Amino acid sequence: MLSQPKILLVDDDSVSLRLLKEALEADGVYDIRTAVDGFDGMEQALAFRPALIISNKNMPRMDGLEFCRRVKI
């Protein structure tokens, strides 16, 4: 049995995060986790090891660009 592709969603807007998660879950194909900012996203990325990360650019504490720079390392 193949495992589901892992997706990490990172966004400080809870409505956007919920809508995107629900849209992706509708297919029942993906294993999805969420994070509310770049710091939380870093922890999730290290623990979850997603195949795809979708991140907002404008977030408090650590913006999406800095998050992407750090997660690439």
# chains A, B, ... in the order shown; residues from 1 in each chain; ligands from 1

$ residues_around --residues "A:Cys68" --least-positions-apart "2" --cutoff "10 Å" --atoms "only C-alpha atoms" --output "VMD selection string"
chain A and resid 38 41 to 42 53 to 55 57 62 to 66 70 to 73

$ write_last_selection --atoms "N, CA and C atoms" --output "short mmCIF file (atom, residue, chain, number, x, y, z; two decimals), in the first residue's frame"
data_model
loop_
_atom_site.label_atom_id
_atom_site.label_comp_id
_atom_site.auth_asym_id
_atom_site.auth_seq_id
_atom_site.Cartn_x
_atom_site.Cartn_y
_atom_site.Cartn_z
N GLY A 38 5.69 30.79 10.49
CA GLY A 38 6.92 30.19 10.01
C GLY A 38 7.63 29.34 11.05
N GLY A 41 5.74 26.26 11.31
CA GLY A 41 5.99 25.56 10.05
C GLY A 41 7.32 24.83 10.04
N MET A 42 8.34 25.44 10.60
CA MET A 42 9.66 24.80 10.67
C MET A 42 9.59 23.52 11.50
N ILE A 53 5.07 22.01 0.42
CA ILE A 53 4.72 23.02 1.41
C ILE A 53 4.08 24.19 0.68
N ILE A 54 2.91 24.60 1.16
CA ILE A 54 2.24 25.79 0.64
C ILE A 54 2.22 26.80 1.77
N SER A 55 2.84 27.96 1.52
CA SER A 55 2.99 28.95 2.58
C SER A 55 2.53 30.33 2.14
N LYS A 57 2.99 34.36 2.29
CA LYS A 57 4.19 35.19 2.34
C LYS A 57 4.18 36.10 3.56
N MET A 62 7.82 35.10 11.55
CA MET A 62 8.72 34.72 10.46
C MET A 62 7.88 34.71 9.19
N ASP A 63 8.25 35.58 8.23
CA ASP A 63 7.45 35.63 7.01
C ASP A 63 7.73 34.41 6.12
N GLY A 64 6.91 34.26 5.10
CA GLY A 64 7.01 33.09 4.23
C GLY A 64 8.32 32.97 3.50
N LEU A 65 8.93 34.10 3.11
CA LEU A 65 10.22 34.04 2.41
C LEU A 65 11.33 33.51 3.32
N GLU A 66 11.36 34.02 4.55
CA GLU A 66 12.37 33.53 5.50
C GLU A 66 12.12 32.06 5.83
N ARG A 70 14.86 29.02 5.25
CA ARG A 70 15.29 28.14 6.33
C ARG A 70 14.94 26.67 6.08
N VAL A 71 13.79 26.42 5.50
CA VAL A 71 13.35 25.04 5.30
C VAL A 71 14.18 24.37 4.20
N LYS A 72 14.74 25.15 3.28
CA LYS A 72 15.56 24.59 2.21
C LYS A 72 16.89 24.04 2.71
N ILE A 73 17.35 24.52 3.84
CA ILE A 73 18.67 24.12 4.36
C ILE A 73 18.65 22.72 4.91
#

$ select_by_dssp --residues "chain A" --states "strand (DSSP E)" --output "ChimeraX atom specification"
/A:6-10,31-35,52-55

$ write_last_selection --atoms "N, CA, C and O atoms" --output "CSV table (one decimal), in the first residue's frame"
chain,number,residue,atom,x,y,z
A,6,LYS,N,2.4,13.8,1.5
A,6,LYS,CA,2.3,14.7,2.6
A,6,LYS,C,2.3,16.2,2.1
A,6,LYS,O,3.2,16.6,1.4
A,7,ILE,N,1.4,17.0,2.7
A,7,ILE,CA,1.4,18.4,2.4
A,7,ILE,C,1.3,19.2,3.7
A,7,ILE,O,0.5,18.9,4.6
A,8,LEU,N,2.1,20.2,3.8
A,8,LEU,CA,2.1,21.1,4.9
A,8,LEU,C,1.6,22.5,4.4
A,8,LEU,O,2.1,23.1,3.5
A,9,LEU,N,0.6,23.0,5.1
A,9,LEU,CA,0.0,24.3,4.8
A,9,LEU,C,0.4,25.3,5.9
A,9,LEU,O,0.2,25.0,7.1
A,10,VAL,N,1.0,26.4,5.6
A,10,VAL,CA,1.5,27.4,6.6
A,10,VAL,C,0.8,28.7,6.3
A,10,VAL,O,1.0,29.3,5.2
A,31,ASP,N,-2.2,13.5,3.0
A,31,ASP,CA,-2.0,13.6,4.4
A,31,ASP,C,-1.6,15.1,4.7
A,31,ASP,O,-0.5,15.5,4.3
A,32,ILE,N,-2.4,15.8,5.3
A,32,ILE,CA,-2.2,17.3,5.4
A,32,ILE,C,-2.1,17.7,6.9
A,32,ILE,O,-2.8,17.2,7.8
A,33,ARG,N,-1.1,18.5,7.1
A,33,ARG,CA,-0.9,19.2,8.4
A,33,ARG,C,-0.8,20.7,8.2
A,33,ARG,O,-0.5,21.1,7.1
A,34,THR,N,-1.1,21.4,9.2
A,34,THR,CA,-1.1,22.9,9.1
A,34,THR,C,-0.2,23.5,10.2
A,34,THR,O,0.1,22.9,11.2
A,35,ALA,N,0.2,24.7,9.9
A,35,ALA,CA,1.0,25.5,10.8
A,35,ALA,C,0.6,27.0,10.7
A,35,ALA,O,0.1,27.4,9.7
A,52,LEU,N,5.3,18.5,-0.2
A,52,LEU,CA,4.9,19.9,-0.7
A,52,LEU,C,4.6,20.8,0.5
A,52,LEU,O,3.9,20.3,1.4
A,53,ILE,N,5.1,22.0,0.4
A,53,ILE,CA,4.7,23.0,1.4
A,53,ILE,C,4.1,24.2,0.7
A,53,ILE,O,4.6,24.7,-0.3
A,54,ILE,N,2.9,24.6,1.2
A,54,ILE,CA,2.2,25.8,0.6
A,54,ILE,C,2.2,26.8,1.8
A,54,ILE,O,1.7,26.5,2.8
A,55,SER,N,2.8,28.0,1.5
A,55,SER,CA,3.0,28.9,2.6
A,55,SER,C,2.5,30.3,2.1
A,55,SER,O,2.8,30.7,1.0

$ closest_residue --among "A:Arg49, A:Val36, A:Val29, A:Glu43" --to "A:Ser3" --atoms "only C-alpha atoms"
A:Val29

$ residues_around --residues "A:Met59" --least-positions-apart "6" --cutoff "7 Å" --atoms "only C-alpha atoms" --output "JSON, numbers by chain"
{"A": [11, 12, 37]}

$ closest_residue --among "A:Leu2, A:Ala45, A:Ala51, A:Asn56" --to "A:Leu20" --atoms "only C-alpha atoms"
A:Asn56

$ closest_residue --among "A:Phe39, A:Gln4, A:Gln44, A:Val15" --to "A:Asp27" --atoms "only C-alpha atoms"
A:Gln4

$ atom_distance --atom1 "atom CA of A:Ser14" --atom2 "atom CA of A:Arg61"
15.9 Å

$ atom_distance --atom1 "atom CA of A:Pro5" --atom2 "atom CA of A:Phe48"
11.1 Å

$ select_by_dssp --residues "chain A" --states "alpha helix (DSSP H)" --output "ChimeraX atom specification"
/A:14-25,38-48,64-72

$ atom_distance --atom1 "atom CA of A:Glu25" --atom2 "atom CA of A:Phe67"
24.0 Å
